[in-house]
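Visitor: Supplied in structure tokens, the structure appears directly below.
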Amino acid sequence: MIKIQKKDFNLENEIKKIKEKHSDIGALNIFTGYVRDFNNSKDVEYINLEVYKEMAVNELSKIKNKAIEDWGLIDCLIIHRFGKLYVNDKIVLVACFSSHRNNSFEACKYIMDYLKKDAPFWKKEYYNNGSNWLENSN
Amino acid sequence: MIKIQKKDFNLENEIKKIKEKHSDIGALNIFTGYVRDFNNSKDVEYINLEVYKEMAVNELSKIKNKAIEDWGLIDCLIIHRFGKLYVNDKIVLVACFSSHRNNSFEACKYIMDYLKKDAPFWKKEYYNNGSNWLENSN
Amino acid sequence: MKIKYFAWIKEITHKDFEIIHNNHPKDISELKGILKKSYPDLEKYFSKDILRFAINLEYISDNQDLSSTDEIAIFPPVSGG
Amino acid sequence: MKIKYFAWIKEITHKDFEIIHNNHPKDISELKGILKKSYPDLEKYFSKDILRFAINLEYISDNQDLSSTDEIAIFPPVSGG
């Protein structure tokens with residue numbers, strides 16, 4: 001499932017909703033990204049996250065489906081927030097459910113790498129005196 | 001922090017307690033293991049997880065400290081349950097908090113690998129007609 | 001034909017999107033020419049080849065023909081996650 | 001000296017632990033000898049070298065001297081996580 005949303009999410013609730021559908025899940029790997037207080041040698045106050053929503057759903061679905069197929073995942077959840085996010089706020093969640101642990105780790109890493117590379121989101125960081133568009137390195 | 005406990009844990013609450021102490025966390029990788037419904041070609045009803053508690057705390061602390069040092073983690077949480085656990089129950093949580101994502105992934109993988117190899121826990125699986133002690137493969 | 005702008009491209013075009021009703025460009029290459037004329041500040045980014053194009057939600061890498069119903073997006077390197 | 005048993009070792013010894021008050025074994029090798037005599041079913045596992053020993057919560061790999069205050073643990077391959 002892909003969710004592009006403004007609002008925060010609760011890890012336990014999001015995971016539980018999926019886990020309770022599959023009793024064959026033995027392993028879950030989750031990645032969560034947060035807004036950090038300090039970046040580019042500056043104190044961050046907040047970020048504004050812009051998204052090309054229809055295309056983000058499209059790209060993340062492709063990445064997710066590839067991961068499910070390549071690592072035989074039982075299920076997979078990607079949540080990405082947009083809008084104004086403050087320091088300590090969650091930005092992204094990727095959760096890969098599988099029978100055994102290595103597949104969940106590798107699939108989650110794969111999804112994050114491609115999300116960072118191809119998902120159409122843009123972060124603008126705001127400091128106490130200025131702002132800056134960020135760019136993911138490869 | 002290391003917790004060896006019988007009771008279940010809430011992912012959101014456990015993570016939040018640590019996250020709110022550190023505004024420099026940008027990345028979190030979590031592994032969670034569950035009791036699966038089917039293993040060794042048999043339907044599992046429940047497992048009994050035995051632990052050598054004092055030594056488990058000792059071993060997990062060493063593994064955790066090595067991971068914190070080698071990957072510069074900001075914080076790290078390991079929870080391992082013991083006692084009678086049913087299908088779908090959580091067994092273990094490893095959460096690695098860092099500035100950037102690769103360190104959180106690698107440290108979490110490292111901890112799980114060593115936990116599986118060295119942490120003194122033993123699972124006995126109970127089926128509708130019999131039971132079996134498990135052994136982690138390397 | 002709809003052209004969508006994102007992130008700091010919007011700060012150059014001063015709009016989120018625009019619609020080209022008549023005489024739309026026949027391919028991406030021609031579209032670039034039109035955009036460079038309308039927004040001279042875009043030229044250096046085109047020449048440095050750092051912008052990405054998507055047609056109807058799919059990335060394109062080479063030049064490609066366009067039709068009047070296409071939604072074209074132009075954006076800088078992404079920074080999600 | 002306290003000897004602790006875990007998992008299926010307990011199903012052979014029929015106890016969680018035992019205390020050796022007098023004439024305790026001077027090293028792991030001597031302890032193995034005593035255990036083999038008390039619990040003949042353990043012998044095949046010792047000879048297959050699949051059991052692990054810990055002294056005072058630390059794994060040991062080689063033979064090691066023991067003192068009267070030591071807590072020794074004997075256990076099969078672990079299966080946590």
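Chain labels follow the order of the structure tokens: the first chain is A, the next B, and so on; residue numbering restarts at 1 in every chain, and ligands are counted from 1 in their shown order.
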For a quick test of understanding: name the residues of chain B lying within 12 Å of chain D when counting only C-alpha atoms, and present them as an NGL selection string.

Guide: :B and (4 or 31-35 or 47-60 or 62 or 78-83 or 90-94 or 109 or 111-125 or 131-138)

Visitor: Both chains have the same sequence, so superpose chain C on chain D over all Cα atoms paired in order and return it as a short mmCIF file (atom, residue, chain, number, x, y, z; two decimals) with C-alpha atoms, in the first residue's frame.

Guide:
```cif
data_model
loop_
_atom_site.label_atom_id
_atom_site.label_comp_id
_atom_site.auth_asym_id
_atom_site.auth_seq_id
_atom_site.Cartn_x
_atom_site.Cartn_y
_atom_site.Cartn_z
CA MET C 1 29.95 -23.74 42.13
CA LYS C 2 26.66 -23.47 40.28
CA ILE C 3 25.93 -25.36 37.05
CA LYS C 4 22.97 -24.10 34.97
CA TYR C 5 21.16 -26.08 32.27
CA PHE C 6 19.02 -24.73 29.44
CA ALA C 7 16.57 -25.84 26.76
CA TRP C 8 16.76 -29.56 25.94
CA ILE C 9 19.78 -30.06 28.21
CA LYS C 10 17.30 -29.64 31.06
CA GLU C 11 15.24 -32.49 29.61
CA ILE C 12 18.32 -34.70 30.06
CA THR C 13 19.39 -33.45 33.50
CA HIS C 14 15.80 -33.04 34.78
CA LYS C 15 16.87 -29.92 36.63
CA ASP C 16 17.49 -26.22 35.92
CA PHE C 17 20.68 -26.07 37.91
CA GLU C 18 22.71 -27.78 40.55
CA ILE C 19 25.27 -26.73 43.12
CA ILE C 20 28.59 -28.50 43.62
CA HIS C 21 29.69 -27.77 47.18
CA ASN C 22 32.81 -29.85 47.66
CA ASN C 23 35.52 -31.21 45.41
CA HIS C 24 34.40 -29.07 42.51
CA PRO C 25 36.02 -29.76 39.12
CA LYS C 26 39.19 -27.74 38.57
CA ASP C 27 38.42 -26.98 34.90
CA ILE C 28 35.81 -27.40 32.15
CA SER C 29 37.37 -30.63 30.97
CA GLU C 30 36.98 -32.20 34.41
CA LEU C 31 33.43 -30.86 34.65
CA LYS C 32 32.54 -32.58 31.36
CA GLY C 33 33.79 -35.86 32.83
CA ILE C 34 31.57 -35.46 35.88
CA LEU C 35 28.53 -34.56 33.76
CA LYS C 36 29.02 -37.50 31.41
CA LYS C 37 29.00 -39.82 34.42
CA SER C 38 25.88 -38.22 35.94
CA TYR C 39 24.01 -37.86 32.61
CA PRO C 40 25.19 -40.48 30.10
CA ASP C 41 22.85 -39.03 27.43
CA LEU C 42 24.99 -35.90 27.36
CA GLU C 43 28.07 -37.77 26.14
CA LYS C 44 27.14 -37.84 22.44
CA TYR C 45 26.54 -34.07 22.46
CA PHE C 46 29.89 -33.40 24.10
CA SER C 47 31.63 -35.57 21.53
CA LYS C 48 29.81 -33.82 18.68
CA ASP C 49 30.96 -30.53 20.21
CA ILE C 50 27.61 -28.78 19.75
CA LEU C 51 27.12 -27.53 23.32
CA ARG C 52 28.34 -24.14 24.46
CA PHE C 53 29.75 -23.27 27.86
CA ALA C 54 29.66 -19.93 29.61
CA ILE C 55 31.46 -18.99 32.82
CA ASN C 56 29.99 -16.07 34.74
CA LEU C 57 27.89 -14.97 31.72
CA GLU C 58 30.79 -15.06 29.25
CA TYR C 59 31.23 -17.60 26.48
CA ILE C 60 34.36 -19.71 26.62
CA SER C 61 35.80 -21.63 23.70
CA ASP C 62 38.76 -23.46 25.22
CA ASN C 63 39.18 -25.36 28.42
CA GLN C 64 39.38 -23.01 31.38
CA ASP C 65 40.07 -23.19 35.11
CA LEU C 66 37.13 -23.02 37.46
CA SER C 67 36.76 -21.59 40.96
CA SER C 68 34.21 -22.46 43.61
CA THR C 69 32.23 -19.23 43.14
CA ASP C 70 31.77 -19.62 39.38
CA GLU C 71 28.40 -19.89 37.66
CA ILE C 72 28.80 -22.26 34.73
CA ALA C 73 26.11 -22.58 32.06
CA ILE C 74 25.79 -25.39 29.52
CA PHE C 75 23.48 -24.94 26.57
CA PRO C 76 22.56 -26.10 23.08
CA PRO C 77 22.72 -23.89 19.97
CA VAL C 78 20.62 -20.75 20.48
CA SER C 79 17.46 -19.90 18.57
CA GLY C 80 16.43 -16.40 19.57
CA GLY C 81 15.35 -13.53 17.37
#
```

Visitor: Report, in Å to a single decimal, how far apart CA of Ile74 in chain A and CA of His22 in chain A are.

Guide: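 Pair CA of His22 in chain A / CA of Ile74 in chain A returns 7.8 Å.
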
Visitor: Measuring between only C-alpha atoms, which one of B:Trp71, B:Tyr126, B:Tyr86, B:Phe38 shows the shortest distance to chain A?

Guide: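 Among B:Trp71, B:Tyr126, B:Tyr86, B:Phe38, it is B:Phe38 that comes nearest to chain A.
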
Visitor: From a backbone DSSP assignment, name each residue in range 8-107 of chain B labelled helix (DSSP H, G or I), as a VMD selection string.

Guide: chain B and resid 11 to 19 53 to 71 101 to 107

Visitor: As a list in words, list the residues of range 12-72 of chain C assigned to strand (DSSP E) by DSSP on the backbone atoms of this structure.

Guide: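 After running DSSP on the backbone, range 12-72 of chain C has strand (DSSP E) at Phe17, Glu18, Ile19, Arg52, Phe53, Ala54, Ile55, Glu58, Tyr59, Ile60, Glu71 and Ile72 of chain C.
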
Visitor: Would you output that residue set with C-alpha atoms, as a short mmCIF file (atom, residue, chain, number, x, y, z; two decimals), in the first residue's frame?

Guide:
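Below is the file part-v5.cif, written as the result:
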```
data_model
loop_
_atom_site.label_atom_id
_atom_site.label_comp_id
_atom_site.auth_asym_id
_atom_site.auth_seq_id
_atom_site.Cartn_x
_atom_site.Cartn_y
_atom_site.Cartn_z
CA PHE C 17 1.56 24.93 -14.46
CA GLU C 18 0.45 26.31 -17.76
CA ILE C 19 -1.70 25.11 -20.62
CA ARG C 52 14.09 15.69 -15.51
CA PHE C 53 11.05 15.42 -17.74
CA ALA C 54 8.03 13.19 -17.26
CA ILE C 55 5.21 12.63 -19.73
CA GLU C 58 6.45 8.49 -16.58
CA TYR C 59 10.08 9.56 -16.73
CA ILE C 60 11.55 10.01 -20.18
CA GLU C 71 0.72 16.26 -19.16
CA ILE C 72 4.41 17.16 -19.16
#
```

Visitor: Compile the residues of chain A that lie within 10 Å of chain B, evaluated using only C-alpha atoms, and express the compilation as a ChimeraX atom specification.

Guide: /A:9-16,19-39,87-102,104-106,108-109,112-113

Visitor: Write a file of the just-selected residues containing C-alpha atoms, as a compact mmCIF listing (two decimals), in the first residue's frame.

Guide:
```txt
# COMPACT_ATOMS: atom_id res chain seq x y z
CA PHE A 9 1.26 8.26 11.28
CA ASN A 10 1.48 5.85 14.22
CA LEU A 11 4.02 3.08 13.64
CA GLU A 12 2.21 0.48 15.74
CA ASN A 13 -1.18 1.11 14.12
CA GLU A 14 0.11 1.15 10.55
CA ILE A 15 2.10 -2.07 11.05
CA LYS A 16 -0.66 -3.85 12.96
CA LYS A 19 0.43 -7.76 10.11
CA GLU A 20 -2.96 -8.99 11.24
CA LYS A 21 -3.82 -9.99 7.66
CA HIS A 22 -0.90 -12.45 7.34
CA SER A 23 0.05 -15.14 9.87
CA ASP A 24 2.98 -16.26 7.72
CA ILE A 25 4.97 -13.09 8.37
CA GLY A 26 8.10 -13.88 10.40
CA ALA A 27 10.15 -10.76 9.68
CA LEU A 28 9.56 -7.05 9.29
CA ASN A 29 12.08 -4.40 8.39
CA ILE A 30 11.06 -0.77 8.74
CA PHE A 31 12.84 2.40 7.73
CA THR A 32 11.70 5.76 9.07
CA GLY A 33 13.17 9.14 8.15
CA TYR A 34 12.88 12.23 10.36
CA VAL A 35 13.45 15.97 9.97
CA ARG A 36 16.84 16.69 11.59
CA ASP A 37 17.67 19.78 13.62
CA PHE A 38 20.89 20.52 11.76
CA ASN A 39 21.79 20.14 8.09
CA VAL A 87 12.24 19.08 13.36
CA ASN A 88 11.58 15.59 14.83
CA ASP A 89 8.61 14.99 12.53
CA LYS A 90 8.51 11.71 10.63
CA ILE A 91 8.89 12.09 6.86
CA VAL A 92 8.74 8.59 5.44
CA LEU A 93 7.98 4.99 6.38
CA VAL A 94 8.93 1.90 4.40
CA ALA A 95 7.88 -1.44 5.88
CA CYS A 96 8.74 -4.79 4.25
CA PHE A 97 7.05 -7.94 5.54
CA SER A 98 8.52 -11.35 4.70
CA SER A 99 8.93 -14.88 5.99
CA HIS A 100 12.63 -14.53 6.76
CA ARG A 101 14.75 -11.59 7.78
CA ASN A 102 17.28 -11.10 4.99
CA SER A 104 12.94 -7.83 4.52
CA PHE A 105 16.25 -5.99 5.06
CA GLU A 106 17.32 -6.08 1.42
CA CYS A 108 13.62 -2.16 2.44
CA LYS A 109 17.11 -0.93 1.51
CA MET A 112 14.71 3.52 0.12
CA ASP A 113 17.52 3.79 -2.44
```

Visitor: Between CA of Lys6 in chain B and CA of Lys17 in chain A, what is the distance in Å, rounded to a tenth?

Guide: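 Straight-line distance from CA of Lys6 in chain B to CA of Lys17 in chain A works out to 22.9 Å.
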
Visitor: Find the distance between CA of Asn65 in chain A and CA of Lys3 in chain A and write it in Å to one decimal.

Guide: 14.5 Å
